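**Q** My structure is stored as upload_23.cif, with mmCIF, C-alpha atoms.
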```cif
data_input
#
loop_
_atom_site.label_atom_id
_atom_site.label_comp_id
_atom_site.auth_asym_id
_atom_site.auth_seq_id
_atom_site.Cartn_x
_atom_site.Cartn_y
_atom_site.Cartn_z
CA MET A 1 66.21 190.51 14.12
CA THR A 2 69.15 189.46 12.01
CA ASP A 3 70.77 186.05 11.90
CA ALA A 4 73.90 187.32 13.63
CA PRO A 5 72.92 190.03 16.09
CA PHE A 6 76.26 189.97 17.89
CA PRO A 7 79.83 189.84 16.54
CA PRO A 8 81.63 186.53 17.03
CA PRO A 9 83.85 186.27 20.12
CA GLY A 10 87.39 187.51 19.63
CA ASP A 11 90.57 186.37 21.32
CA LYS A 12 90.99 186.18 25.07
CA ALA A 13 92.01 189.82 25.43
CA ALA A 14 89.06 191.05 23.39
CA LEU A 15 86.70 188.75 25.23
CA GLU A 16 87.87 189.86 28.66
CA HIS A 17 88.63 193.53 28.09
CA GLY A 18 87.07 194.55 24.81
CA ALA A 19 84.24 197.03 24.52
CA ALA A 20 82.27 194.74 22.20
CA LEU A 21 79.54 192.52 23.52
CA THR A 22 80.36 189.18 21.90
CA PRO A 23 78.44 186.59 23.91
CA ARG A 24 79.74 183.05 24.00
CA PHE A 25 76.54 181.11 23.47
CA ASP A 26 76.79 177.44 24.41
CA ALA A 27 76.09 174.44 22.17
CA ASN A 28 72.38 175.14 22.59
CA GLY A 29 72.82 178.80 21.68
CA LEU A 30 72.29 180.05 25.22
CA VAL A 31 73.94 182.16 27.89
CA ALA A 32 72.92 182.10 31.54
CA ALA A 33 71.15 185.22 32.79
CA VAL A 34 70.79 186.21 36.42
CA ALA A 35 68.26 188.85 37.36
CA THR A 36 68.63 190.80 40.57
CA HIS A 37 66.28 193.40 41.98
CA ALA A 38 67.74 196.78 41.05
CA GLU A 39 66.83 198.25 44.42
CA THR A 40 67.32 195.45 46.94
CA GLY A 41 70.06 193.53 45.16
CA GLU A 42 68.46 190.16 45.87
CA ILE A 43 68.64 187.50 43.18
CA LEU A 44 65.20 187.08 41.69
CA MET A 45 65.77 184.32 39.14
CA LEU A 46 68.22 182.54 36.91
CA ALA A 47 67.20 181.80 33.36
CA TRP A 48 68.58 181.60 29.83
CA MET A 49 68.87 183.88 26.85
CA ASN A 50 69.54 183.05 23.23
CA ALA A 51 70.83 185.74 20.89
CA GLU A 52 67.34 186.96 20.08
CA ALA A 53 66.34 187.21 23.74
CA LEU A 54 69.50 189.13 24.61
CA ARG A 55 69.06 191.45 21.63
CA LEU A 56 65.44 192.14 22.55
CA THR A 57 66.40 192.73 26.17
CA LEU A 58 68.96 195.33 25.11
CA ASP A 59 66.73 196.94 22.50
CA THR A 60 63.52 197.12 24.50
CA GLY A 61 64.86 197.52 28.04
CA GLU A 62 62.61 194.68 29.15
CA ALA A 63 63.89 191.20 29.99
CA HIS A 64 63.41 188.45 27.43
CA TYR A 65 64.51 184.88 28.01
CA PHE A 66 64.57 181.57 26.22
CA SER A 67 62.67 178.73 27.82
CA ARG A 68 64.67 175.52 27.67
CA SER A 69 61.64 173.40 28.52
CA ARG A 70 59.38 175.03 25.96
CA GLY A 71 62.13 175.71 23.42
CA ALA A 72 60.77 179.18 22.83
CA LEU A 73 61.50 182.86 23.29
CA TRP A 74 59.72 184.24 26.28
CA LYS A 75 59.10 187.80 27.36
CA LYS A 76 59.06 187.83 31.13
CA GLY A 77 55.74 189.10 32.42
CA GLU A 78 53.85 188.82 29.17
CA THR A 79 51.16 186.78 30.87
CA SER A 80 51.96 187.35 34.57
CA GLY A 81 52.45 191.09 34.35
CA GLN A 82 55.84 190.67 36.03
CA ILE A 83 57.61 192.63 33.29
CA GLN A 84 61.23 193.28 34.21
CA LYS A 85 62.44 196.78 33.43
CA VAL A 86 66.18 196.50 32.94
CA ARG A 87 68.21 199.17 34.72
CA GLU A 88 71.64 197.75 33.97
CA LEU A 89 73.17 194.80 32.10
CA LEU A 90 76.59 193.39 32.95
CA VAL A 91 78.56 190.59 31.34
CA ASP A 92 81.11 188.32 32.93
CA CYS A 93 84.79 187.89 32.06
CA ASP A 94 84.36 185.21 29.42
CA GLN A 95 81.01 186.52 28.21
CA ASP A 96 78.97 183.39 28.77
CA ALA A 97 76.75 184.90 31.45
CA VAL A 98 74.87 188.14 31.91
CA TRP A 99 73.58 189.87 35.00
CA ILE A 100 70.60 192.15 34.69
CA LYS A 101 69.45 194.51 37.40
CA VAL A 102 65.72 194.86 37.03
CA LEU A 103 62.66 196.53 38.44
CA PRO A 104 59.87 193.94 38.46
CA GLN A 105 56.50 195.37 37.46
CA GLY A 106 53.05 194.00 38.24
CA ASP A 107 52.97 192.54 41.72
CA GLY A 108 56.72 193.03 42.06
CA GLY A 109 57.50 189.35 42.10
CA ALA A 110 59.46 187.16 39.73
CA CYS A 111 58.54 183.56 40.50
CA HIS A 112 55.64 181.58 39.07
CA THR A 113 55.08 180.06 42.53
CA GLY A 114 54.03 183.43 43.90
CA ALA A 115 57.29 183.96 45.76
CA ARG A 116 59.04 187.23 45.19
CA SER A 117 62.28 185.47 44.25
CA CYS A 118 62.67 182.00 42.79
CA PHE A 119 65.29 181.40 45.49
CA TYR A 120 62.92 181.06 48.43
CA ARG A 121 64.50 177.95 49.96
CA VAL A 122 67.72 177.70 51.87
CA TRP A 123 69.65 174.55 52.74
CA ARG A 124 69.74 174.17 56.52
CA ASP A 125 70.72 171.08 58.53
CA GLY A 126 70.29 168.74 55.61
CA ARG A 127 66.97 170.01 54.31
CA LEU A 128 65.42 172.84 52.33
CA VAL A 129 63.64 175.44 54.41
CA GLU A 130 61.29 177.98 52.87
CA GLN A 131 61.97 181.60 53.67
CA THR A 132 59.39 184.33 53.62
CA MET B 133 81.05 160.00 46.74
CA THR B 134 78.29 157.69 45.57
CA ASP B 135 76.91 157.42 42.08
CA ALA B 136 73.64 159.03 43.11
CA PRO B 137 74.35 161.61 45.79
CA PHE B 138 70.94 163.25 45.47
CA PRO B 139 67.46 161.70 45.24
CA PRO B 140 65.81 161.97 41.83
CA PRO B 141 63.47 164.95 41.34
CA GLY B 142 59.88 164.32 42.43
CA ASP B 143 56.70 165.80 41.08
CA LYS B 144 56.10 169.51 40.70
CA ALA B 145 54.87 169.96 44.27
CA ALA B 146 57.85 168.13 45.73
CA LEU B 147 60.23 170.00 43.46
CA GLU B 148 58.85 173.39 44.38
CA HIS B 149 57.93 172.93 48.01
CA GLY B 150 59.58 169.77 49.25
CA ALA B 151 62.32 169.73 51.86
CA ALA B 152 64.51 167.42 49.78
CA LEU B 153 67.28 168.80 47.64
CA THR B 154 66.71 167.01 44.32
CA PRO B 155 68.67 169.03 41.74
CA ARG B 156 67.52 168.90 38.15
CA PHE B 157 70.84 168.45 36.39
CA ASP B 158 70.72 169.22 32.67
CA ALA B 159 71.68 166.91 29.79
CA ASN B 160 75.32 167.55 30.66
CA GLY B 161 74.75 166.76 34.33
CA LEU B 162 75.05 170.36 35.46
CA VAL B 163 73.16 173.02 37.36
CA ALA B 164 74.00 176.72 37.22
CA ALA B 165 75.55 178.17 40.35
CA VAL B 166 75.69 181.85 41.21
CA ALA B 167 78.04 183.02 43.93
CA THR B 168 77.43 186.29 45.72
CA HIS B 169 79.58 187.90 48.37
CA ALA B 170 77.99 187.03 51.72
CA GLU B 171 78.67 190.50 53.08
CA THR B 172 78.21 192.88 50.15
CA GLY B 173 75.64 190.89 48.18
CA GLU B 174 77.38 191.55 44.86
CA ILE B 175 77.44 188.75 42.31
CA LEU B 176 80.97 187.40 42.14
CA MET B 177 80.67 184.74 39.47
CA LEU B 178 78.42 182.33 37.66
CA ALA B 179 79.63 178.80 37.11
CA TRP B 180 78.43 175.20 36.99
CA MET B 181 78.16 172.30 39.38
CA ASN B 182 77.73 168.63 38.68
CA ALA B 183 76.42 166.33 41.40
CA GLU B 184 79.88 165.75 42.81
CA ALA B 185 80.70 169.46 42.96
CA LEU B 186 77.41 170.24 44.69
CA ARG B 187 77.87 167.38 47.14
CA LEU B 188 81.40 168.51 47.97
CA THR B 189 80.24 172.10 48.36
CA LEU B 190 77.60 171.01 50.88
CA ASP B 191 79.88 168.58 52.71
CA THR B 192 82.99 170.76 52.95
CA GLY B 193 81.45 174.22 53.14
CA GLU B 194 83.78 175.34 50.36
CA ALA B 195 82.64 175.97 46.79
CA HIS B 196 83.36 173.34 44.18
CA TYR B 197 82.43 173.72 40.54
CA PHE B 198 82.63 171.80 37.31
CA SER B 199 84.60 173.39 34.50
CA ARG B 200 82.76 173.01 31.22
CA SER B 201 85.86 173.91 29.20
CA ARG B 202 88.15 171.52 31.04
CA GLY B 203 85.49 168.90 31.69
CA ALA B 204 86.71 168.51 35.25
CA LEU B 205 85.76 169.07 38.86
CA TRP B 206 87.31 172.22 40.21
CA LYS B 207 87.72 173.43 43.75
CA LYS B 208 87.59 177.21 43.62
CA GLY B 209 90.77 178.71 45.00
CA GLU B 210 92.82 175.54 44.96
CA THR B 211 95.54 177.30 42.99
CA SER B 212 94.54 180.97 43.35
CA GLY B 213 93.85 180.89 47.07
CA GLN B 214 90.41 182.38 46.40
CA ILE B 215 88.67 179.65 48.39
CA GLN B 216 84.99 180.40 48.82
CA LYS B 217 83.64 179.67 52.30
CA VAL B 218 79.95 179.01 51.86
CA ARG B 219 77.69 180.80 54.35
CA GLU B 220 74.39 179.81 52.79
CA LEU B 221 73.08 177.77 49.86
CA LEU B 222 69.72 178.38 48.25
CA VAL B 223 67.97 176.58 45.44
CA ASP B 224 65.45 177.93 42.97
CA CYS B 225 61.85 176.88 42.40
CA ASP B 226 62.54 174.16 39.85
CA GLN B 227 65.88 173.16 41.39
CA ASP B 228 68.05 173.70 38.33
CA ALA B 229 70.05 176.54 39.82
CA VAL B 230 71.74 177.22 43.14
CA TRP B 231 72.78 180.44 44.80
CA ILE B 232 75.66 180.36 47.24
CA LYS B 233 76.56 183.23 49.53
CA VAL B 234 80.29 183.05 50.07
CA LEU B 235 83.21 184.68 51.83
CA PRO B 236 86.11 184.73 49.37
CA GLN B 237 89.45 183.95 50.99
CA GLY B 238 92.92 184.85 49.76
CA ASP B 239 92.90 188.27 48.16
CA GLY B 240 89.12 188.43 48.47
CA GLY B 241 88.54 188.28 44.73
CA ALA B 242 86.79 185.75 42.57
CA CYS B 243 87.87 186.43 38.98
CA HIS B 244 90.93 185.06 37.20
CA THR B 245 91.40 188.47 35.56
CA GLY B 246 92.21 190.04 38.92
CA ALA B 247 88.86 191.74 39.21
CA ARG B 248 86.95 191.23 42.43
CA SER B 249 83.86 190.06 40.55
CA CYS B 250 83.72 188.45 37.12
CA PHE B 251 81.00 190.98 36.29
CA TYR B 252 83.22 194.02 35.92
CA ARG B 253 81.73 195.33 32.69
CA VAL B 254 78.44 197.08 32.21
CA TRP B 255 76.63 197.74 28.93
CA ARG B 256 76.37 201.47 28.39
CA ASP B 257 75.47 203.30 25.17
CA GLY B 258 76.16 200.33 22.99
CA ARG B 259 79.46 199.25 24.47
CA LEU B 260 80.95 197.46 27.45
CA VAL B 261 82.50 199.72 30.05
CA GLU B 262 84.80 198.39 32.76
CA GLN B 263 83.92 199.30 36.31
CA THR B 264 86.32 199.47 39.18
#
```
Represent the structure of the file as structure tokens.
**A**
Amino acid sequence: MTDAPFPPPGDKAALEHGAALTPRFDANGLVAAVATHAETGEILMLAWMNAEALRLTLDTGEAHYFSRSRGALWKKGETSGQIQKVRELLVDCDQDAVWIKVLPQGDGGACHTGARSCFYRVWRDGRLVEQT
Amino acid sequence: MTDAPFPPPGDKAALEHGAALTPRFDANGLVAAVATHAETGEILMLAWMNAEALRLTLDTGEAHYFSRSRGALWKKGETSGQIQKVRELLVDCDQDAVWIKVLPQGDGGACHTGARSCFYRVWRDGRLVEQT
């Protein structure tokens, strides 16, 4: 782990069409990361990565995040067993968000509540309804 | 638009299993919002909503966001025509992220670059590769 694991963002053209991954970390040093199930396509969770988490995700092929509440690097599944094997990583146009397509290990879930996806509630008629 | 369009977050049980939408806006007053195509399931974009944007999204059925760079509310498609009709809105376990399933109007795209999705580049062998 170096202090600068990614090159600094270039100009708009480089950012949007360059081949270099130059993430635009926010003031807290984070990018948003969405994980979808590589087979079903459903969104499993939305979390955050700092440079180290993104680097480790790319280097190990297993999802690492940064916990905003705990202020610490976090390897998904380290305690739960819900390791996320990364099949593909995409970046958005302005490189401040990444999308990882993952295969969840362990029980196949991603949410600490026991739900398969963290997005288990839908807004319907003015209230949140849990889906199974 | 009132000053407090959503109730304040409750305890962990209410946050995770309550029927009330009580978004946990961050220090900047934002939650992350992922938009997927309601028919194909692909992720179109990741952006941000403040309370007003989320309220307007729910009330109008069309996606509103908050631009971090411009510091302003932003109705998606107002200039581009890429209005996003919201078919479903989901919230995650700790209510700091929302997932909207949308039908993009206009040319059917979502990205200012002309790409259908903002996530048009995949990381492959150490570089970003554009997908069509």
**Q** Around all the atoms of region 239-258 of chain B listed in the file, with 4 Å of room on each side, what axis-aligned box do you get, giving centre and edge lengths in Å to one decimal, as lines of an AutoDock Vina configuration file?
**A**
```
center_x = 84.2
center_y = 194.2
center_z = 35.7
size_x = 25.4
size_y = 26.2
size_z = 33.5
```
**Q** Select residues of chain B: the criterion is any atom within 8 Å of an atom of chain A, counting all atoms listed in the file; output as a JSON list (two decimals) with C-alpha atoms, keeping the file's coordinate frame.
**A**
```
[["chain", "number", "residue", "atom", "x", "y", "z"],
["B", 148, "GLU", "CA", 58.85, 173.39, 44.38],
["B", 149, "HIS", "CA", 57.93, 172.93, 48.01],
["B", 150, "GLY", "CA", 59.58, 169.77, 49.25],
["B", 151, "ALA", "CA", 62.32, 169.73, 51.86],
["B", 152, "ALA", "CA", 64.51, 167.42, 49.78],
["B", 153, "LEU", "CA", 67.28, 168.80, 47.64],
["B", 164, "ALA", "CA", 74.00, 176.72, 37.22],
["B", 173, "GLY", "CA", 75.64, 190.89, 48.18],
["B", 174, "GLU", "CA", 77.38, 191.55, 44.86],
["B", 177, "MET", "CA", 80.67, 184.74, 39.47],
["B", 178, "LEU", "CA", 78.42, 182.33, 37.66],
["B", 220, "GLU", "CA", 74.39, 179.81, 52.79],
["B", 221, "LEU", "CA", 73.08, 177.77, 49.86],
["B", 222, "LEU", "CA", 69.72, 178.38, 48.25],
["B", 223, "VAL", "CA", 67.97, 176.58, 45.44],
["B", 224, "ASP", "CA", 65.45, 177.93, 42.97],
["B", 225, "CYS", "CA", 61.85, 176.88, 42.40],
["B", 229, "ALA", "CA", 70.05, 176.54, 39.82],
["B", 231, "TRP", "CA", 72.78, 180.44, 44.80],
["B", 243, "CYS", "CA", 87.87, 186.43, 38.98],
["B", 245, "THR", "CA", 91.40, 188.47, 35.56],
["B", 250, "CYS", "CA", 83.72, 188.45, 37.12],
["B", 251, "PHE", "CA", 81.00, 190.98, 36.29],
["B", 252, "TYR", "CA", 83.22, 194.02, 35.92],
["B", 253, "ARG", "CA", 81.73, 195.33, 32.69],
["B", 254, "VAL", "CA", 78.44, 197.08, 32.21],
["B", 255, "TRP", "CA", 76.63, 197.74, 28.93],
["B", 259, "ARG", "CA", 79.46, 199.25, 24.47],
["B", 260, "LEU", "CA", 80.95, 197.46, 27.45],
["B", 261, "VAL", "CA", 82.50, 199.72, 30.05],
["B", 262, "GLU", "CA", 84.80, 198.39, 32.76]]
```
**Q** Taking (96.5, 178.9, 42.1) in the coordinates of the supplied file, I want to know which residues reach to within 12 Å of it, counting only C-alpha atoms; could you give the answer as number ranges by chain?
**A** B: 206-215, 238-239, 242-244
**Q** How would the residues just picked look written out with C-alpha atoms as an mmCIF file, keeping the file's coordinate frame?
**A**
```cif
data_model
loop_
_atom_site.group_PDB
_atom_site.id
_atom_site.type_symbol
_atom_site.label_atom_id
_atom_site.label_comp_id
_atom_site.auth_asym_id
_atom_site.auth_seq_id
_atom_site.Cartn_x
_atom_site.Cartn_y
_atom_site.Cartn_z
ATOM 1 C CA TRP B 206 87.310 172.220 40.210
ATOM 2 C CA LYS B 207 87.720 173.430 43.750
ATOM 3 C CA LYS B 208 87.590 177.210 43.620
ATOM 4 C CA GLY B 209 90.770 178.710 45.000
ATOM 5 C CA GLU B 210 92.820 175.540 44.960
ATOM 6 C CA THR B 211 95.540 177.300 42.990
ATOM 7 C CA SER B 212 94.540 180.970 43.350
ATOM 8 C CA GLY B 213 93.850 180.890 47.070
ATOM 9 C CA GLN B 214 90.410 182.380 46.400
ATOM 10 C CA ILE B 215 88.670 179.650 48.390
ATOM 11 C CA GLY B 238 92.920 184.850 49.760
ATOM 12 C CA ASP B 239 92.900 188.270 48.160
ATOM 13 C CA ALA B 242 86.790 185.750 42.570
ATOM 14 C CA CYS B 243 87.870 186.430 38.980
ATOM 15 C CA HIS B 244 90.930 185.060 37.200
#
```
**Q** Write out as a PDB file with C-alpha atoms, in the coordinates of the input each polymer residue whose atoms come within 9 Å of Asn50 (chain A), counting only C-alpha atoms; drop sequence neighbours fewer than 2 positions from it.
**A**
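As a result, selection-v6.pdb now contains:
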```pdb
ATOM      1  CA  PHE A  25      76.540 181.110  23.470  1.00  0.00           C
ATOM      2  CA  ASN A  28      72.380 175.140  22.590  1.00  0.00           C
ATOM      3  CA  GLY A  29      72.820 178.800  21.680  1.00  0.00           C
ATOM      4  CA  LEU A  30      72.290 180.050  25.220  1.00  0.00           C
ATOM      5  CA  VAL A  31      73.940 182.160  27.890  1.00  0.00           C
ATOM      6  CA  TRP A  48      68.580 181.600  29.830  1.00  0.00           C
ATOM      7  CA  GLU A  52      67.340 186.960  20.080  1.00  0.00           C
ATOM      8  CA  ALA A  53      66.340 187.210  23.740  1.00  0.00           C
ATOM      9  CA  LEU A  54      69.500 189.130  24.610  1.00  0.00           C
ATOM     10  CA  ARG A  55      69.060 191.450  21.630  1.00  0.00           C
ATOM     11  CA  TYR A  65      64.510 184.880  28.010  1.00  0.00           C
ATOM     12  CA  PHE A  66      64.570 181.570  26.220  1.00  0.00           C
ATOM     13  CA  LEU A  73      61.500 182.860  23.290  1.00  0.00           C
TER      14      LEU A  73
END
```
**Q** Write out as a PDB file with C-alpha atoms, in the coordinates of the input the residues lying within 8 Å of Gly193 (chain B), counting only C-alpha atoms and excluding same-chain residues fewer than 2 positions away.
**A**
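The file below, result.pdb, is the result:
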```
ATOM      1  CA  LEU B 188      81.400 168.510  47.970  1.00  0.00           C
ATOM      2  CA  THR B 189      80.240 172.100  48.360  1.00  0.00           C
ATOM      3  CA  LEU B 190      77.600 171.010  50.880  1.00  0.00           C
ATOM      4  CA  ASP B 191      79.880 168.580  52.710  1.00  0.00           C
ATOM      5  CA  ALA B 195      82.640 175.970  46.790  1.00  0.00           C
ATOM      6  CA  LYS B 217      83.640 179.670  52.300  1.00  0.00           C
ATOM      7  CA  VAL B 218      79.950 179.010  51.860  1.00  0.00           C
ATOM      8  CA  ARG B 219      77.690 180.800  54.350  1.00  0.00           C
TER       9      ARG B 219
END
```
**Q** Compare B:Ala146, B:Glu171, B:Pro236, B:Pro139 by their minimum atom-to-atom distance to Glu194 (chain B), counting only C-alpha atoms, and give me the closest one.
**A**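 Smallest distance to Glu194 (chain B) is found for B:Pro236.
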**Q** Give me, please, the distance in Å between CA of Thr60 (chain A) and CA of Val102 (chain A), quoted to one decimal.
**A**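 Computing the Euclidean distance for CA of Thr60 (chain A) and CA of Val102 (chain A) yields 12.9 Å.
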